[in-house]
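The next block holds one structure in the form of structure tokens; read it before the comments.
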Amino acid sequence: GENVEQHPSTLSVQEGDSAVIKCTYSDSASNYFPWYKQELGKGPQLIIDIRSNVGEKKDQRIAVTLNKTAKHFSLHITETQPEDSAVYFCAPSEETSGSRLTFGEGTQLTVNP
Amino acid sequence: DTAVSQTPKYLVTQMGNDKSIKCEQNLGHDTMYWYKQDSKKFLKIMFSYNNKELIINETVPNRFSPKSPDKAHLNLHINSLELGDSAVYFCASSVREGGPYEQYFGPGTRLTVT
């Protein structure tokens with residue numbers, strides 16, 4: 001099965017700074033790389049995803065970069081705001097595994113005003 | 001317009017009791033899931049149903065029994081509750097099986113077993 005590790009487990013930044021969370025996976029067949037955001041008291045929500053035929057994807061202040069050779073992908077958040085404070089999960093998967101997502105352990109991001 | 005809803009939001013019960021959590025999605029999705037999130041925020045899939053048919057059944061004790069009366073509903077019944085069952089349980093749905101596709105999560109049910 002897929003082994004997934006996220007680093008760091010906690011991250012504290014000042015408002016306006018950038019934040020980077022890295023996800024390392026073990027299954028070289030993985031070809032779908034999403035990031036989910038979980039706010040306090042809510043369920044996780046997909047914020048960005050990338051497939052293996054693309055190296056980078058950007059959506060306003062968030063971006064995901066993929067290094068398939070090294071088997072890791074990263075979430076980048078620029079100009080952080082207090083509402084970015086949440087737990088972020090990566091969930092790499094392989095298309096033929098269907099709907100099975102293996103979530104990382106999560107990264108608690110705190111943005112200090 | 002709630003996409004994925006769960007009831008109850010909080011559930012406090014004693015060891016040995018039997019309880020159910022209900023989930024409904026109004027997105028027209030074919031596939032629904034149950035996840036367990038422990039106190040360390042670790043999120044693990046328990047079950048997946050596609051159009052009322054069980055497709056994923058992780059190594060979950062058989063005290064947990066999912067039931068899908070139709071593709072918009074997936075309920076979770078738990079028998080003989082134990083202290084270790086205390087967690088937040090999330091229901092989710094996706095447009096269909098395979099993909100993978102975005103999963104839409106409900107707000108969670110916090111189960112506390114005393």
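Chain lettering (A, B, ...) mirrors the order of the structure tokens, residue numbering begins at 1 for each chain separately, and ligand numbering begins at 1 in order of display.
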Contacts of Pro61 in chain B at 12 Å (only C-alpha atoms; same-chain gap of 3+ positions) as a PyMOL selection string:
chain B and resi 46-47+57-58+64-66+77-82+84-85
For the residues selected in the previous step, produce a file with all heavy atoms as a tab-separated table (two decimals), in the first residue's frame.
```
chain	number	residue	atom	x	y	z
B	46	MET	N	-12.96	3.82	5.85
B	46	MET	CA	-13.53	2.60	6.43
B	46	MET	C	-14.28	1.81	5.36
B	46	MET	O	-14.05	0.62	5.18
B	46	MET	CB	-14.50	2.97	7.56
B	46	MET	CG	-13.87	3.76	8.69
B	46	MET	SD	-15.11	4.35	9.85
B	46	MET	CE	-15.64	2.81	10.60
B	47	PHE	N	-15.19	2.47	4.69
B	47	PHE	CA	-16.04	1.81	3.71
B	47	PHE	C	-16.28	2.74	2.52
B	47	PHE	O	-16.21	3.96	2.64
B	47	PHE	CB	-17.42	1.49	4.30
B	47	PHE	CG	-17.42	0.59	5.50
B	47	PHE	CD1	-17.59	1.14	6.76
B	47	PHE	CD2	-17.24	-0.77	5.37
B	47	PHE	CE1	-17.58	0.33	7.89
B	47	PHE	CE2	-17.23	-1.59	6.48
B	47	PHE	CZ	-17.39	-1.05	7.74
B	57	ASN	N	-13.94	-2.17	1.77
B	57	ASN	CA	-14.20	-2.53	3.16
B	57	ASN	C	-12.83	-2.74	3.79
B	57	ASN	O	-12.22	-3.79	3.63
B	57	ASN	CB	-15.05	-3.80	3.23
B	57	ASN	CG	-15.41	-4.16	4.67
B	57	ASN	OD1	-14.88	-3.58	5.62
B	57	ASN	ND2	-16.29	-5.12	4.83
B	58	GLU	N	-12.33	-1.70	4.45
B	58	GLU	CA	-11.02	-1.80	5.07
B	58	GLU	C	-11.10	-2.70	6.30
B	58	GLU	O	-12.18	-3.18	6.65
B	58	GLU	CB	-10.51	-0.41	5.44
B	58	GLU	CG	-10.20	0.44	4.23
B	58	GLU	CD	-9.05	-0.11	3.42
B	58	GLU	OE1	-7.92	-0.23	3.95
B	58	GLU	OE2	-9.27	-0.47	2.24
B	64	PHE	N	-18.95	-2.72	13.04
B	64	PHE	CA	-19.34	-1.60	12.19
B	64	PHE	C	-20.04	-2.16	10.95
B	64	PHE	O	-19.46	-2.97	10.22
B	64	PHE	CB	-18.10	-0.80	11.75
B	64	PHE	CG	-17.45	-0.03	12.85
B	64	PHE	CD1	-16.62	-0.67	13.76
B	64	PHE	CD2	-17.66	1.33	12.98
B	64	PHE	CE1	-16.01	0.05	14.79
B	64	PHE	CE2	-17.05	2.05	14.00
B	64	PHE	CZ	-16.23	1.40	14.90
B	65	SER	N	-21.26	-1.71	10.72
B	65	SER	CA	-21.97	-2.20	9.54
B	65	SER	C	-22.59	-1.03	8.80
B	65	SER	O	-23.48	-0.34	9.33
B	65	SER	CB	-23.03	-3.22	9.93
B	65	SER	OG	-23.89	-2.71	10.93
B	66	PRO	N	-22.11	-0.78	7.59
B	66	PRO	CA	-22.71	0.27	6.77
B	66	PRO	C	-23.95	-0.26	6.08
B	66	PRO	O	-24.07	-1.45	5.80
B	66	PRO	CB	-21.60	0.57	5.75
B	66	PRO	CG	-20.86	-0.71	5.62
B	66	PRO	CD	-20.98	-1.44	6.92
B	77	HIS	N	-23.88	1.83	11.26
B	77	HIS	CA	-24.37	1.31	12.52
B	77	HIS	C	-23.19	0.67	13.26
B	77	HIS	O	-22.40	-0.05	12.66
B	77	HIS	CB	-25.47	0.27	12.28
B	77	HIS	CG	-26.13	-0.17	13.53
B	77	HIS	ND1	-27.03	0.61	14.22
B	77	HIS	CD2	-25.98	-1.30	14.27
B	77	HIS	CE1	-27.43	-0.02	15.31
B	77	HIS	NE2	-26.81	-1.18	15.37
B	78	ILE	N	-23.10	0.98	14.54
B	78	ILE	CA	-21.99	0.45	15.34
B	78	ILE	C	-22.57	-0.29	16.54
B	78	ILE	O	-23.34	0.28	17.33
B	78	ILE	CB	-21.06	1.57	15.85
B	78	ILE	CG1	-20.74	2.58	14.74
B	78	ILE	CG2	-19.76	0.95	16.38
B	78	ILE	CD1	-20.04	3.84	15.21
B	79	ASN	N	-22.21	-1.56	16.65
B	79	ASN	CA	-22.68	-2.39	17.77
B	79	ASN	C	-21.63	-2.42	18.88
B	79	ASN	O	-20.43	-2.25	18.63
B	79	ASN	CB	-22.91	-3.83	17.31
B	79	ASN	CG	-24.14	-3.95	16.43
B	79	ASN	OD1	-25.10	-3.23	16.60
B	79	ASN	ND2	-24.09	-4.88	15.49
B	80	SER	N	-22.10	-2.64	20.08
B	80	SER	CA	-21.20	-2.88	21.23
B	80	SER	C	-20.06	-1.88	21.27
B	80	SER	O	-18.87	-2.25	21.22
B	80	SER	CB	-20.64	-4.31	21.16
B	80	SER	OG	-21.66	-5.25	21.09
B	81	LEU	N	-20.39	-0.63	21.37
B	81	LEU	CA	-19.39	0.44	21.30
B	81	LEU	C	-18.30	0.28	22.34
B	81	LEU	O	-18.54	-0.13	23.48
B	81	LEU	CB	-20.07	1.79	21.45
B	81	LEU	CG	-20.70	2.30	20.15
B	81	LEU	CD1	-21.83	3.25	20.40
B	81	LEU	CD2	-19.62	2.94	19.28
B	82	GLU	N	-17.06	0.60	21.92
B	82	GLU	CA	-15.89	0.52	22.78
B	82	GLU	C	-15.26	1.91	22.90
B	82	GLU	O	-15.49	2.78	22.06
B	82	GLU	CB	-14.88	-0.47	22.18
B	82	GLU	CG	-15.41	-1.87	22.01
B	82	GLU	CD	-14.40	-2.80	21.35
B	82	GLU	OE1	-13.30	-2.34	20.98
B	82	GLU	OE2	-14.72	-4.01	21.22
B	84	GLY	N	-12.33	2.83	22.27
B	84	GLY	CA	-11.50	3.14	21.11
B	84	GLY	C	-12.27	3.58	19.88
B	84	GLY	O	-11.67	4.00	18.89
B	85	ASP	N	-13.59	3.49	19.95
B	85	ASP	CA	-14.41	3.95	18.82
B	85	ASP	C	-14.60	5.46	18.85
B	85	ASP	O	-15.10	6.05	17.89
B	85	ASP	CB	-15.79	3.27	18.85
B	85	ASP	CG	-15.70	1.76	18.69
B	85	ASP	OD1	-14.73	1.29	18.05
B	85	ASP	OD2	-16.59	1.06	19.20
```
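The residues of chain A lying at most 8 Å from chain B, with only C-alpha atoms taken into account, are Tyr32, Gly41, Lys42, Gly43, Pro44, Gln45, Leu46, Ser93, Glu94, Glu95, Thr96, Ser97, Gly98, Ser99, Arg100, Leu101, Thr102, Phe103, Gly104, Glu105 and Gly106 of chain A.
Here the question is which of B:Ser86, B:Gln25, B:Ser68, B:Gln37 gets nearest to Leu54 in chain B using only C-alpha atoms, and that residue is B:Ser68.
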Pick out each residue of chain A that DSSP on the backbone tags as strand (DSSP E); I need them as JSON, numbers by chain.
{"A": [4, 5, 6, 7, 10, 11, 12, 13, 14, 19, 20, 21, 22, 23, 24, 25, 32, 33, 34, 35, 36, 37, 38, 45, 46, 47, 48, 49, 50, 51, 56, 57, 58, 59, 62, 63, 64, 65, 66, 67, 72, 73, 74, 75, 76, 77, 86, 87, 88, 89, 90, 107, 108, 109, 110, 111, 112]}
Same residues, C-alpha atoms, saved as a short mmCIF file (atom, residue, chain, number, x, y, z; two decimals), in the first residue's frame:
```cif
data_model
loop_
_atom_site.label_atom_id
_atom_site.label_comp_id
_atom_site.auth_asym_id
_atom_site.auth_seq_id
_atom_site.Cartn_x
_atom_site.Cartn_y
_atom_site.Cartn_z
CA VAL A 4 2.49 8.90 2.75
CA GLU A 5 4.45 11.37 4.86
CA GLN A 6 3.84 15.06 5.29
CA HIS A 7 6.31 17.63 6.56
CA THR A 10 2.94 21.95 12.30
CA LEU A 11 3.78 25.25 10.64
CA SER A 12 3.37 28.72 12.07
CA VAL A 13 3.84 31.78 9.85
CA GLN A 14 3.16 35.48 10.01
CA ALA A 19 3.96 28.54 3.54
CA VAL A 20 5.17 25.29 1.97
CA ILE A 21 4.03 21.80 2.92
CA LYS A 22 5.71 18.74 1.42
CA CYS A 23 4.18 15.33 0.82
CA THR A 24 6.33 12.27 0.13
CA TYR A 25 4.81 9.06 -1.17
CA TYR A 32 -3.10 11.91 -8.88
CA PHE A 33 -2.00 14.38 -6.21
CA PRO A 34 -4.65 16.37 -4.33
CA TRP A 35 -4.48 18.66 -1.34
CA TYR A 36 -7.41 18.92 1.07
CA LYS A 37 -7.97 21.68 3.63
CA GLN A 38 -9.80 20.98 6.89
CA GLN A 45 -12.32 20.15 1.26
CA LEU A 46 -10.32 19.79 -1.94
CA ILE A 47 -8.37 22.97 -2.67
CA ILE A 48 -6.09 21.96 -5.50
CA ASP A 49 -4.99 18.85 -7.34
CA ILE A 50 -2.55 17.86 -10.03
CA ARG A 51 -2.10 14.88 -12.29
CA GLU A 56 2.90 22.60 -11.53
CA LYS A 57 -0.56 24.04 -11.12
CA LYS A 58 -1.54 27.40 -9.70
CA ASP A 59 -4.84 28.80 -8.47
CA ILE A 62 -2.11 28.42 -3.90
CA ALA A 63 0.03 26.19 -6.08
CA VAL A 64 1.06 22.56 -6.19
CA THR A 65 4.37 21.35 -7.61
CA LEU A 66 5.18 17.75 -8.42
CA ASN A 67 8.49 15.92 -8.59
CA HIS A 72 7.06 14.16 -3.62
CA PHE A 73 4.72 17.06 -4.21
CA SER A 74 4.30 20.30 -2.36
CA LEU A 75 1.59 22.80 -1.52
CA HIS A 76 2.61 26.44 -1.72
CA ILE A 77 0.51 29.20 -0.20
CA ALA A 86 -6.33 24.89 9.00
CA VAL A 87 -5.07 21.33 8.74
CA TYR A 88 -3.86 20.41 5.26
CA PHE A 89 -3.82 16.85 3.96
CA CYS A 90 -2.21 15.35 0.90
CA THR A 107 -0.10 19.63 8.66
CA GLN A 108 -1.51 22.18 11.08
CA LEU A 109 -0.91 25.61 9.56
CA THR A 110 -1.33 28.63 11.81
CA VAL A 111 -1.20 32.10 10.31
CA ASN A 112 -0.57 34.74 12.96
#
```
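If only C-alpha atoms are the atoms counted, then among B:Thr59, B:Val95, B:Ser39, B:Ala87 the closest residue to Val12 in chain B is B:Ala87.
Excluding range 16-18 of chain A and any residue on its chain fewer than 5 positions from it, the residues at most 7 Å away by only C-alpha atoms are Ile77, Thr78, Glu79, Thr80 and Gln81 of chain A.
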Just list the residues in range 6-112 of chain A DSSP gives helix (DSSP H, G or I) on the backbone, as a ChimeraX atom specification.
/A:82-84,95-97
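The neighbours of Thr7 in chain B here are the residues that come within 8 Å of it, using only C-alpha atoms and leaving out any residue fewer than 2 positions away in the same chain; they are Ser5, Lys9, Ile21, Lys22, Cys23 and Thr109 of chain B.
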Same residues, N, CA and C atoms, saved as a CSV table (one decimal), in the first residue's frame:
```
chain,number,residue,atom,x,y,z
B,5,SER,N,-24.7,15.9,4.3
B,5,SER,CA,-25.2,16.1,5.6
B,5,SER,C,-25.1,14.9,6.5
B,9,LYS,N,-24.6,15.5,14.9
B,9,LYS,CA,-23.3,16.1,14.9
B,9,LYS,C,-22.4,15.7,16.1
B,21,ILE,N,-25.2,6.4,12.8
B,21,ILE,CA,-25.0,7.7,12.2
B,21,ILE,C,-25.5,7.7,10.8
B,22,LYS,N,-26.3,8.8,10.5
B,22,LYS,CA,-26.9,8.9,9.1
B,22,LYS,C,-26.2,9.9,8.3
B,23,CYS,N,-26.2,9.6,7.0
B,23,CYS,CA,-25.5,10.5,6.0
B,23,CYS,C,-26.4,10.5,4.7
B,109,THR,N,-19.3,13.7,12.5
B,109,THR,CA,-20.1,13.3,13.7
B,109,THR,C,-19.0,12.9,14.8
```
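When CA of Val60 in chain B is paired with CA of Gly16 in chain B, their separation reads 17.3 Å.
Using only C-alpha atoms, the nearest neighbour of Val113 in chain B within the list B:Gln14, B:Pro69, B:Thr2, B:Pro8 is B:Gln14.
Between CA of Leu111 in chain B and CA of Pro8 in chain A the separation is 28.4 Å.
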